[in-house]
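Everything below belongs to structure34.txt, which stores compact mmCIF, C-alpha atoms.
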# COMPACT_ATOMS: atom_id res chain seq x y z
CA MET A 1 0.00 0.00 0.00
CA LEU A 2 1.17 3.52 -0.84
CA ALA A 3 0.21 6.33 1.54
CA ARG A 4 0.49 9.88 0.27
CA VAL A 5 0.58 12.25 3.25
CA PHE A 6 0.00 15.97 2.75
CA PRO A 7 1.43 18.70 4.97
CA GLY A 8 -0.99 20.82 6.92
CA ARG A 9 -2.10 22.19 10.23
CA ALA A 10 -3.57 19.55 12.50
CA ASP A 11 -6.57 20.33 14.68
CA GLY A 12 -8.48 17.41 16.07
CA THR A 13 -8.99 14.75 18.70
CA VAL A 14 -7.58 11.24 18.48
CA VAL A 15 -8.43 8.35 20.79
CA ALA A 16 -5.37 6.22 21.51
CA PRO A 17 -5.42 2.66 20.15
CA PRO A 18 -5.42 -0.24 22.62
CA SER A 19 -2.14 -0.85 24.40
CA LYS A 20 -0.57 -3.79 22.64
CA SER A 21 1.72 -4.33 25.63
CA VAL A 22 -1.20 -4.61 28.04
CA ALA A 23 -3.31 -6.70 25.65
CA HIS A 24 -0.55 -9.30 25.11
CA ARG A 25 -0.05 -9.70 28.83
CA ALA A 26 -3.73 -9.81 29.75
CA LEU A 27 -4.48 -12.43 27.09
CA ILE A 28 -1.61 -14.67 28.18
CA ALA A 29 -2.55 -14.44 31.85
CA ALA A 30 -6.18 -15.20 30.97
CA ALA A 31 -5.10 -18.25 28.94
CA LEU A 32 -3.24 -19.59 31.99
CA ALA A 33 -6.19 -19.07 34.38
CA LYS A 34 -8.63 -21.81 35.37
CA GLY A 35 -11.97 -20.48 34.12
CA LYS A 36 -13.23 -17.72 31.88
CA SER A 37 -11.77 -14.23 31.62
CA ARG A 38 -13.05 -11.37 29.48
CA ILE A 39 -10.53 -9.09 27.78
CA THR A 40 -12.25 -6.04 26.31
CA GLY A 41 -10.69 -3.68 23.79
CA ALA A 42 -7.61 -5.70 22.86
CA GLY A 43 -7.96 -4.48 19.27
CA SER A 44 -7.21 -6.22 16.00
CA SER A 45 -3.54 -5.50 15.37
CA LYS A 46 -1.57 -8.27 13.70
CA ASP A 47 0.53 -8.81 16.82
CA ILE A 48 -2.54 -9.40 19.00
CA ILE A 49 -4.01 -11.73 16.38
CA ALA A 50 -0.73 -13.70 16.51
CA THR A 51 -0.84 -14.00 20.30
CA THR A 52 -4.50 -15.08 20.23
CA ALA A 53 -3.73 -17.82 17.68
CA ALA A 54 -0.72 -18.99 19.69
CA LEU A 55 -2.79 -19.28 22.86
CA LYS A 56 -5.33 -21.38 21.00
CA ALA A 57 -2.47 -23.69 20.00
CA LEU A 58 -1.55 -23.88 23.68
CA GLY A 59 -5.05 -25.16 24.42
CA ALA A 60 -6.97 -22.05 25.46
CA HIS A 61 -10.48 -21.60 24.09
CA ILE A 62 -10.98 -18.04 22.84
CA THR A 63 -14.13 -16.58 21.31
CA GLN A 64 -15.05 -13.06 20.23
CA GLN A 65 -18.14 -11.28 21.51
CA GLY A 66 -18.17 -7.78 20.03
CA GLU A 67 -15.06 -6.00 21.34
CA THR A 68 -14.52 -8.63 24.04
CA LEU A 69 -12.40 -11.77 23.84
CA VAL A 70 -13.72 -14.49 26.14
CA VAL A 71 -10.79 -16.67 27.19
CA ASP A 72 -11.28 -20.08 28.78
CA GLY A 73 -7.87 -20.97 30.17
CA CYS A 74 -5.80 -24.14 29.92
CA ASP A 75 -2.97 -26.04 31.55
CA PRO A 76 0.14 -25.23 29.47
CA ARG A 77 1.84 -28.42 30.68
CA ALA A 78 -0.73 -30.49 28.80
CA HIS A 79 -0.36 -29.10 25.26
CA ALA A 80 0.38 -31.45 22.39
CA ALA A 81 3.35 -31.11 20.06
CA THR A 82 2.55 -28.10 17.95
CA ALA A 83 3.76 -25.37 15.59
CA VAL A 84 3.16 -21.73 16.50
CA ASP A 85 3.22 -18.96 13.87
CA CYS A 86 4.19 -15.69 15.58
CA ASN A 87 3.98 -13.70 12.34
CA GLU A 88 6.26 -10.71 13.09
CA SER A 89 5.46 -10.37 16.79
CA GLY A 90 8.54 -10.46 18.99
CA SER A 91 6.34 -10.18 22.10
CA THR A 92 4.34 -13.27 21.11
CA LEU A 93 7.51 -15.27 20.57
CA ARG A 94 9.49 -14.24 23.63
CA PHE A 95 6.56 -14.17 26.05
CA LEU A 96 5.39 -17.65 25.06
CA ILE A 97 8.62 -19.64 24.70
CA PRO A 98 8.84 -20.36 28.48
CA VAL A 99 5.07 -20.95 28.68
CA PHE A 100 5.13 -23.67 25.99
CA ALA A 101 8.33 -25.02 27.54
CA LEU A 102 6.40 -25.94 30.70
CA GLY A 103 5.14 -28.96 28.76
CA ARG A 104 7.11 -32.01 27.65
CA GLU A 105 6.06 -31.93 24.00
CA GLU A 106 8.01 -30.33 21.17
CA THR A 107 7.05 -26.84 20.00
CA ILE A 108 8.24 -25.15 16.81
CA PHE A 109 7.91 -21.37 16.68
CA THR A 110 7.95 -19.76 13.24
CA GLY A 111 7.68 -16.17 12.07
CA LYS A 112 7.99 -13.71 9.20
CA GLY A 113 10.14 -10.74 8.29
CA ARG A 114 13.11 -10.23 10.60
CA LEU A 115 11.55 -12.15 13.49
CA PRO A 116 13.30 -15.50 12.81
CA HIS A 117 16.63 -13.66 12.90
CA ARG A 118 16.07 -11.54 16.01
CA PRO A 119 18.40 -12.60 18.84
CA GLN A 120 17.23 -15.32 21.23
CA GLN A 121 20.59 -16.08 22.83
CA VAL A 122 19.17 -15.37 26.30
CA TYR A 123 16.79 -18.30 25.99
CA GLN A 124 19.35 -20.39 24.12
CA LEU A 125 21.78 -20.13 27.05
CA LEU A 126 19.03 -20.61 29.63
CA PHE A 127 17.75 -23.81 27.99
CA ALA A 128 21.32 -25.13 27.63
CA GLU A 129 21.93 -24.57 31.35
CA GLN A 130 18.86 -26.69 32.09
CA GLY A 131 19.88 -29.42 29.64
CA LEU A 132 16.86 -28.73 27.43
CA PRO A 133 16.88 -28.72 23.60
CA PHE A 134 16.63 -25.30 21.93
CA ALA A 135 17.60 -24.74 18.30
CA GLN A 136 17.19 -21.56 16.23
CA THR A 137 17.41 -22.05 12.45
CA GLU A 138 16.12 -20.34 9.31
CA GLN A 139 12.94 -22.39 9.68
CA GLY A 140 12.21 -21.28 13.24
CA ILE A 141 12.86 -22.17 16.86
CA GLN A 142 12.48 -25.75 18.01
CA LEU A 143 12.33 -26.51 21.74
CA ARG A 144 11.16 -28.97 24.33
CA GLY A 145 10.54 -28.77 28.10
CA PRO A 146 9.79 -29.21 30.86
CA LEU A 147 11.27 -25.94 32.12
CA PRO A 148 12.02 -26.34 35.84
CA ALA A 149 11.98 -23.87 38.69
CA GLY A 150 15.38 -22.46 39.53
CA HIS A 151 17.69 -19.47 39.88
CA TYR A 152 17.81 -17.83 36.46
CA ARG A 153 20.33 -15.12 35.57
CA LEU A 154 19.50 -12.89 32.60
CA ARG A 155 21.15 -9.95 30.87
CA GLY A 156 19.23 -6.74 31.43
CA ASP A 157 20.37 -4.92 28.29
CA VAL A 158 18.94 -7.17 25.56
CA SER A 159 15.15 -7.19 26.03
CA SER A 160 12.80 -7.20 29.01
CA GLN A 161 10.61 -9.60 27.02
CA PHE A 162 12.76 -12.50 28.24
CA VAL A 163 12.08 -11.52 31.84
CA THR A 164 8.35 -11.26 31.16
CA GLY A 165 8.25 -14.68 29.50
CA LEU A 166 9.80 -16.32 32.57
CA LEU A 167 7.50 -14.37 34.89
CA PHE A 168 4.49 -15.92 33.14
CA ALA A 169 5.83 -19.47 33.35
CA LEU A 170 7.73 -19.87 36.62
CA PRO A 171 4.77 -19.37 39.03
CA LEU A 172 3.33 -22.63 37.64
CA CYS A 173 6.44 -24.65 38.52
CA GLU A 174 6.48 -26.91 41.59
CA GLN A 175 9.26 -25.05 43.41
CA ASP A 176 10.13 -21.40 44.00
CA SER A 177 12.29 -19.52 41.50
CA VAL A 178 14.54 -16.49 41.44
CA LEU A 179 15.19 -14.14 38.51
CA GLU A 180 18.44 -12.21 38.69
CA ILE A 181 18.78 -9.44 36.10
CA SER A 182 22.21 -7.98 35.41
CA GLU A 183 22.96 -4.30 35.00
CA PRO A 184 22.21 -2.29 33.00
CA PHE A 185 18.57 -3.26 33.52
CA GLU A 186 16.78 -1.53 30.64
CA SER A 187 13.02 -1.35 29.95
CA ARG A 188 12.30 -1.97 33.63
CA SER A 189 8.88 -0.33 33.22
CA TYR A 190 7.76 -3.23 31.00
CA VAL A 191 8.60 -5.69 33.78
CA VAL A 192 6.66 -3.51 36.24
CA MET A 193 3.69 -3.69 33.85
CA THR A 194 3.96 -7.49 33.75
CA LEU A 195 4.04 -7.69 37.54
CA LYS A 196 0.93 -5.54 37.80
CA ILE A 197 -1.03 -7.77 35.43
CA LEU A 198 0.20 -10.88 37.22
CA ARG A 199 -1.12 -9.45 40.49
CA ASP A 200 -4.48 -8.76 38.83
CA PHE A 201 -4.66 -12.46 37.93
CA GLY A 202 -3.69 -13.62 41.42
CA ILE A 203 0.03 -14.28 40.83
CA ASN A 204 2.66 -13.08 43.27
CA ALA A 205 6.23 -12.15 42.37
CA GLU A 206 8.22 -9.85 44.61
CA TRP A 207 11.36 -7.75 44.33
CA GLN A 208 13.99 -8.94 46.80
CA SER A 209 16.33 -6.16 45.67
CA GLU A 210 16.64 -3.78 42.72
CA ASN A 211 17.49 -6.59 40.29
CA LEU A 212 16.26 -9.74 42.05
CA LEU A 213 12.75 -11.18 41.75
CA ARG A 214 11.45 -14.07 43.84
CA ILE A 215 8.63 -16.11 42.27
CA PRO A 216 6.86 -18.65 44.51
CA GLY A 217 5.90 -21.92 42.81
CA LYS A 218 2.60 -23.84 42.82
CA GLN A 219 0.57 -20.70 42.10
CA CYS A 220 -2.70 -20.56 40.16
CA TYR A 221 -3.87 -17.86 37.79
CA ARG A 222 -7.38 -16.63 38.64
CA PRO A 223 -9.79 -15.49 35.90
CA GLN A 224 -10.15 -11.75 35.57
CA ASP A 225 -12.06 -9.24 33.45
CA VAL A 226 -9.79 -6.61 31.91
CA THR A 227 -10.45 -3.55 29.81
CA VAL A 228 -7.30 -2.73 27.83
CA GLU A 229 -6.13 0.84 28.35
CA GLY A 230 -5.02 3.21 25.61
CA ASP A 231 -1.53 2.89 24.16
CA TYR A 232 1.01 5.61 24.93
CA SER A 233 3.40 4.43 22.20
CA GLY A 234 0.62 4.91 19.61
CA ALA A 235 -0.53 8.20 21.15
CA ALA A 236 3.07 9.45 20.99
CA PHE A 237 2.76 9.95 17.22
CA PHE A 238 -0.19 12.28 17.70
CA GLY A 239 1.49 14.06 20.60
CA LEU A 240 4.36 14.60 18.16
CA LEU A 241 1.94 15.86 15.51
CA GLY A 242 0.45 18.27 18.06
CA ALA A 243 3.89 19.63 18.93
CA LEU A 244 4.84 20.16 15.28
CA SER A 245 1.56 21.11 13.59
CA GLY A 246 -1.16 21.07 16.26
CA PRO A 247 -3.16 21.46 18.35
CA VAL A 248 -4.06 17.80 18.86
CA HIS A 249 -5.96 16.22 21.75
CA CYS A 250 -4.71 12.70 22.60
CA CYS A 251 -7.44 10.91 24.57
CA GLY A 252 -8.12 7.46 26.00
CA LEU A 253 -5.00 7.43 28.18
CA ARG A 254 -4.70 6.53 31.86
CA ALA A 255 -2.76 8.91 34.09
CA ASP A 256 -1.82 6.03 36.43
CA THR A 257 -0.43 3.86 33.65
CA ALA A 258 2.51 1.51 34.04
CA GLN A 259 3.50 2.12 30.41
CA GLY A 260 7.03 3.48 30.20
CA ASP A 261 6.27 5.13 26.85
CA ALA A 262 4.14 7.71 28.68
CA VAL A 263 7.45 9.56 29.10
CA PHE A 264 7.13 10.85 25.51
CA PHE A 265 4.83 13.63 26.69
CA ASN A 266 7.60 14.66 29.11
CA PHE A 267 10.01 14.73 26.17
CA LEU A 268 7.63 17.08 24.37
CA ARG A 269 7.55 19.40 27.40
CA GLN A 270 11.33 19.19 27.75
CA PHE A 271 11.73 20.36 24.13
CA GLY A 272 9.34 23.28 24.67
CA ALA A 273 5.96 22.08 23.34
CA GLU A 274 2.79 23.13 25.14
CA VAL A 275 1.47 19.97 26.83
CA GLU A 276 -1.62 20.20 29.01
CA ALA A 277 -2.98 17.26 30.98
CA ILE A 278 -6.70 16.78 30.33
CA GLU A 279 -9.19 14.35 31.88
CA ASP A 280 -8.15 11.29 29.87
CA GLY A 281 -4.98 12.34 28.10
CA PHE A 282 -3.12 15.39 26.82
CA ALA A 283 -3.67 18.46 24.67
CA VAL A 284 -0.50 19.28 22.73
CA SER A 285 0.16 22.53 20.85
CA PRO A 286 3.19 23.83 18.94
CA ALA A 287 5.80 26.12 20.41
CA SER A 288 9.43 26.93 19.73
CA LEU A 289 11.29 23.63 20.14
CA THR A 290 14.88 23.30 21.34
CA GLY A 291 16.90 20.10 21.22
CA GLY A 292 18.33 18.28 24.21
CA THR A 293 19.15 14.78 25.44
CA ILE A 294 16.76 11.81 25.34
CA ASP A 295 17.53 8.54 27.10
CA LEU A 296 15.90 5.59 25.30
CA ALA A 297 17.03 2.91 27.79
CA ASP A 298 13.52 2.42 29.19
CA CYS A 299 11.54 3.33 26.07
CA PRO A 300 13.26 2.07 22.89
CA ASP A 301 10.01 2.00 20.90
CA LEU A 302 9.91 5.81 21.12
CA GLY A 303 13.16 6.10 19.16
CA PRO A 304 11.73 6.83 15.68
CA ALA A 305 9.24 9.44 16.94
CA ALA A 306 11.94 11.04 19.10
CA MET A 307 14.20 11.32 16.05
CA VAL A 308 11.49 13.21 14.17
CA LEU A 309 10.96 15.51 17.17
CA ALA A 310 14.68 16.25 17.22
CA CYS A 311 14.70 17.11 13.50
CA PHE A 312 12.24 19.95 14.03
CA ALA A 313 13.96 21.33 17.15
CA LYS A 314 16.67 23.98 17.13
CA GLY A 315 20.18 22.82 17.84
CA GLU A 316 21.58 19.39 18.49
CA THR A 317 19.81 16.45 20.11
CA THR A 318 21.52 13.34 21.45
CA LEU A 319 19.52 10.12 21.79
CA GLN A 320 21.32 7.81 24.21
CA ASN A 321 21.10 4.04 24.85
CA ALA A 322 19.71 3.44 21.37
CA ALA A 323 21.46 0.16 20.45
CA ARG A 324 18.34 -2.00 20.77
CA LEU A 325 16.68 -0.01 17.97
CA ARG A 326 18.92 -1.95 15.57
CA LEU A 327 17.28 -5.25 16.58
CA LYS A 328 13.62 -4.43 15.96
CA GLU A 329 11.43 -5.07 12.89
CA SER A 330 14.13 -3.14 11.04
CA ASP A 331 17.41 -1.55 12.03
CA ARG A 332 15.47 1.51 13.13
CA ILE A 333 18.51 3.73 13.42
CA ALA A 334 19.71 3.02 9.87
CA ALA A 335 16.16 3.14 8.49
CA MET A 336 15.28 6.48 10.09
CA GLU A 337 18.61 8.00 9.07
CA ALA A 338 18.01 6.99 5.44
CA GLU A 339 14.44 8.27 5.31
CA LEU A 340 14.93 11.51 7.26
CA ARG A 341 17.83 12.44 4.98
CA LYS A 342 15.33 12.48 2.11
CA PHE A 343 13.86 15.57 3.82
CA GLY A 344 17.29 17.16 4.13
CA PHE A 345 17.84 16.46 7.83
CA LEU A 346 21.34 15.81 9.14
CA ILE A 347 21.78 12.76 11.38
CA GLU A 348 24.74 10.70 12.51
CA SER A 349 24.97 7.68 14.74
CA SER A 350 27.19 5.19 16.49
CA GLU A 351 26.16 1.75 17.72
CA ASN A 352 24.44 3.15 20.82
CA GLU A 353 23.89 6.86 20.16
CA ILE A 354 22.12 9.08 17.64
CA ILE A 355 22.91 12.74 17.06
CA VAL A 356 20.36 14.88 15.21
CA HIS A 357 21.22 18.35 13.95
CA GLY A 358 17.81 19.94 14.04
CA LYS A 359 16.41 22.21 11.33
CA VAL A 360 19.61 21.94 9.27
CA GLY A 361 19.71 21.11 5.57
CA GLU A 362 17.66 21.82 2.46
CA MET A 363 14.23 20.45 1.61
CA PRO A 364 14.06 18.19 -1.45
CA GLU A 365 12.80 19.65 -4.72
CA SER A 366 10.54 16.68 -5.52
CA VAL A 367 8.12 14.59 -3.46
CA PRO A 368 10.20 12.11 -1.46
CA VAL A 369 9.23 8.44 -1.61
CA ILE A 370 9.72 6.90 1.80
CA ASP A 371 10.48 3.22 2.36
CA ALA A 372 8.64 1.95 5.44
CA HIS A 373 11.19 -0.87 5.80
CA ASN A 374 8.30 -3.19 6.74
CA ASP A 375 8.32 -1.46 10.13
CA HIS A 376 5.17 0.08 11.58
CA ARG A 377 7.02 2.65 13.69
CA ILE A 378 9.08 3.84 10.72
CA ALA A 379 5.91 4.30 8.64
CA MET A 380 4.07 6.21 11.37
CA SER A 381 7.02 8.41 12.30
CA MET A 382 7.65 9.37 8.69
CA ALA A 383 3.95 10.13 8.14
CA ILE A 384 4.13 12.68 10.96
CA CYS A 385 7.36 14.05 9.50
CA ALA A 386 5.63 14.54 6.14
CA ALA A 387 2.64 16.24 7.75
CA ALA A 388 4.92 18.76 9.47
CA SER A 389 7.51 19.22 6.73
CA GLY A 390 5.71 21.49 4.30
CA MET A 391 6.03 18.95 1.49
CA PRO A 392 3.91 15.87 0.75
CA ALA A 393 5.55 12.48 0.86
CA GLU A 394 4.69 9.00 -0.34
CA ILE A 395 5.24 6.08 2.02
CA ALA A 396 5.70 2.75 0.29
CA GLY A 397 4.75 -0.34 2.28
CA ALA A 398 2.44 1.68 4.51
CA GLU A 399 0.27 -1.37 5.24
CA CYS A 400 2.81 -2.38 7.91
CA VAL A 401 1.06 -0.05 10.39
CA ALA A 402 -1.46 -2.90 10.85
CA LYS A 403 1.13 -4.64 13.03
CA SER A 404 0.25 -2.37 15.94
CA TYR A 405 -2.14 0.40 14.81
CA PRO A 406 -4.44 -0.57 11.90
CA GLU A 407 -6.45 2.67 12.23
CA PHE A 408 -3.42 4.97 12.12
CA PHE A 409 -4.13 6.66 8.78
CA ASP A 410 -7.82 7.03 9.62
CA ASP A 411 -6.82 8.77 12.84
CA LEU A 412 -4.35 10.95 10.96
CA ARG A 413 -7.26 12.16 8.84
CA ARG A 414 -9.33 12.74 12.00
CA ALA A 415 -6.53 14.98 13.23
CA GLY A 416 -6.91 17.08 10.08
CA ILE A 417 -4.08 15.75 7.91
CA GLY A 418 -4.72 14.79 4.30
CA VAL A 419 -3.99 11.17 3.43
CA GLU A 420 -4.53 9.26 0.17
CA LEU A 421 -4.13 5.48 0.20
CA SER A 422 -3.66 3.35 -2.90
CA VAL A 423 -2.67 -0.25 -3.60
Any chance you could put this one into structure tokens?
Amino acid sequence: MLARVFPGRADGTVVAPPSKSVAHRALIAAALAKGKSRITGAGSSKDIIATTAALKALGAHITQQGETLVVDGCDPRAHAATAVDCNESGSTLRFLIPVFALGREETIFTGKGRLPHRPQQVYQLLFAEQGLPFAQTEQGIQLRGPLPAGHYRLRGDVSSQFVTGLLFALPLCEQDSVLEISEPFESRSYVVMTLKILRDFGINAEWQSENLLRIPGKQCYRPQDVTVEGDYSGAAFFGLLGALSGPVHCCGLRADTAQGDAVFFNFLRQFGAEVEAIEDGFAVSPASLTGGTIDLADCPDLGPAAMVLACFAKGETTLQNAARLRLKESDRIAAMEAELRKFGFLIESSENEIIVHGKVGEMPESVPVIDAHNDHRIAMSMAICAAASGMPAEIAGAECVAKSYPEFFDDLRRAGIGVELSV
């Protein structure tokens, strides 16, 4: 799909899409509970569809009633040998590897795009330490359990998804377990989110120290009804639009959220945008923006939007702790550098740092054609860049937004920006 995005002044209200992070976690916890849970507002993104299908393969019974998914849970130790297609969802894969490994039968995880090549060495080492088979090939990941309770040591600078996967599985083991996470412990907020949802479903896991979690065994998930809150990582694009070409009201957001990506609205304030807290979100309006320093250690998914923000701010911006952006659906640093340069912006990077020289360079003479790199966050970030740039742009491969935010271009229109879609 080709999306042609026209520059213009935004003025509208956008309701945030469902939080994919919350929806994944709530669905998995519900699938592990004895009885029926109701998960309302999980949305229809491709990643959530992948998790739902994987949980059915685990043995959960899931039906749709309007906007609610009714989940009748299962015992993950009883699943048959199976193949699980994770599509391009890293969360589905990493969250569910330990869950399927509770059983004794073989599981083969497959995926599309870059997913089969994304690093899984944390699990590879962990399975090897337990004497369990784990093989990652071009065809997928093949493993077998049963995963035992124990003292597990994990790197904290690769992905918090490994920690979350173990947090789902270990409470169902016979004995107590300990998770020890080495420094630097990045994306801690995502682990905090997991712990909150576990508590909602009756599971206890407690911090013994800053980097040590104790997980009692022989626990049982209890059914729970959950309404999925709005997604701050999706709302960030419209907060960005408000700061560059607003005003835009971003609604459907909880002030007491555990989502680490809520920090983006602080970034906007830090750079000088007018950000006002409203009843269920934020009203964001343009102002003179000045660059600064952004630490992405706890919010790597905000990297592409933060790079666009930096381009429109005066002076130099440094984005720190950015290395994990290279291991996402695309190498997001290289992809954003390539596409932002088509608008004349000046960017340089090292392995772990990005420097953006804001408002420097010349605009192109012809309409730039942007490559989405099969990455939803690249497509959405560059759409906002086009809206604020003063020149239309065409985004090739724009259908990739369906991975997390299928309604993105509809919402961009609701915010007052012209969009033409063609196949």
Applying 10 Å and only C-alpha atoms, which residues near Thr110 (chain A) remain after dropping the ones on its own chain fewer than 5 positions away? List them as a PDB file with C-alpha atoms, keeping the file's coordinate frame.
ATOM      1  CA  ALA A  83       3.760 -25.370  15.590  1.00  0.00           C
ATOM      2  CA  VAL A  84       3.160 -21.730  16.500  1.00  0.00           C
ATOM      3  CA  ASP A  85       3.220 -18.960  13.870  1.00  0.00           C
ATOM      4  CA  CYS A  86       4.190 -15.690  15.580  1.00  0.00           C
ATOM      5  CA  ASN A  87       3.980 -13.700  12.340  1.00  0.00           C
ATOM      6  CA  GLU A  88       6.260 -10.710  13.090  1.00  0.00           C
ATOM      7  CA  LEU A  93       7.510 -15.270  20.570  1.00  0.00           C
ATOM      8  CA  LEU A 115      11.550 -12.150  13.490  1.00  0.00           C
ATOM      9  CA  PRO A 116      13.300 -15.500  12.810  1.00  0.00           C
ATOM     10  CA  GLN A 136      17.190 -21.560  16.230  1.00  0.00           C
ATOM     11  CA  THR A 137      17.410 -22.050  12.450  1.00  0.00           C
ATOM     12  CA  GLU A 138      16.120 -20.340   9.310  1.00  0.00           C
ATOM     13  CA  GLN A 139      12.940 -22.390   9.680  1.00  0.00           C
ATOM     14  CA  GLY A 140      12.210 -21.280  13.240  1.00  0.00           C
ATOM     15  CA  ILE A 141      12.860 -22.170  16.860  1.00  0.00           C
ATOM     16  CA  GLN A 142      12.480 -25.750  18.010  1.00  0.00           C
TER      17      GLN A 142
END
Wanna dump the region 194-306 of chain A-region 158-165 of chain A contacts at 10 Å for me, each residue with its shortest atom pair and the distance in Å to one decimal, counting all atoms listed in the file, ordered by chain and number, as JSON lines?
{"residue": "A:Thr194", "atom": "CA", "partner": "A:Thr164", "partner_atom": "CA", "distance": 6.3}
{"residue": "A:Leu195", "atom": "CA", "partner": "A:Thr164", "partner_atom": "CA", "distance": 8.5}
{"residue": "A:Leu213", "atom": "CA", "partner": "A:Val163", "partner_atom": "CA", "distance": 9.9}
{"residue": "A:Asp298", "atom": "CA", "partner": "A:Ser160", "partner_atom": "CA", "distance": 9.6}
{"residue": "A:Pro300", "atom": "CA", "partner": "A:Ser159", "partner_atom": "CA", "distance": 10.0}
Those residues with C-alpha atoms, as a tab-separated table (two decimals), in the coordinates of the input please?
chain	number	residue	atom	x	y	z
A	194	THR	CA	3.96	-7.49	33.75
A	195	LEU	CA	4.04	-7.69	37.54
A	213	LEU	CA	12.75	-11.18	41.75
A	298	ASP	CA	13.52	2.42	29.19
A	300	PRO	CA	13.26	2.07	22.89
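Here the question is which of A:Arg9, A:Lys218, A:His373, A:Arg326 gets nearest to Gly242 (chain A) using only C-alpha atoms, and that residue is A:Arg9.
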Please list as a VMD selection string every residue within 12 Å of region 178-181 of chain A, counting all atoms listed in the file and excluding residues in the same chain fewer than 2 positions away. chain A and resid 122 126 148 to 160 162 to 167 169 to 171 173 175 to 176 183 to 188 191 205 to 217
Gap from CA of Pro76 (chain A) to CA of Ser89 (chain A) - Å, one decimal: 20.2 Å
Can you work out the spacing between CA of Leu309 (chain A) and CA of Leu244 (chain A) in Å, to one decimal? 7.9 Å
Shell of 10 Å around Thr52 (chain A), all atoms listed in the file, local chain residues under 6 positions omitted, as a list in words: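 With the cut-off at 10 Å, the set is His24, Leu27, Ile28, Ala31, Lys46, Leu58, Ala60, His61, Ile62, Thr63, Leu69, Val71, Cys86 and Thr92 of chain A.
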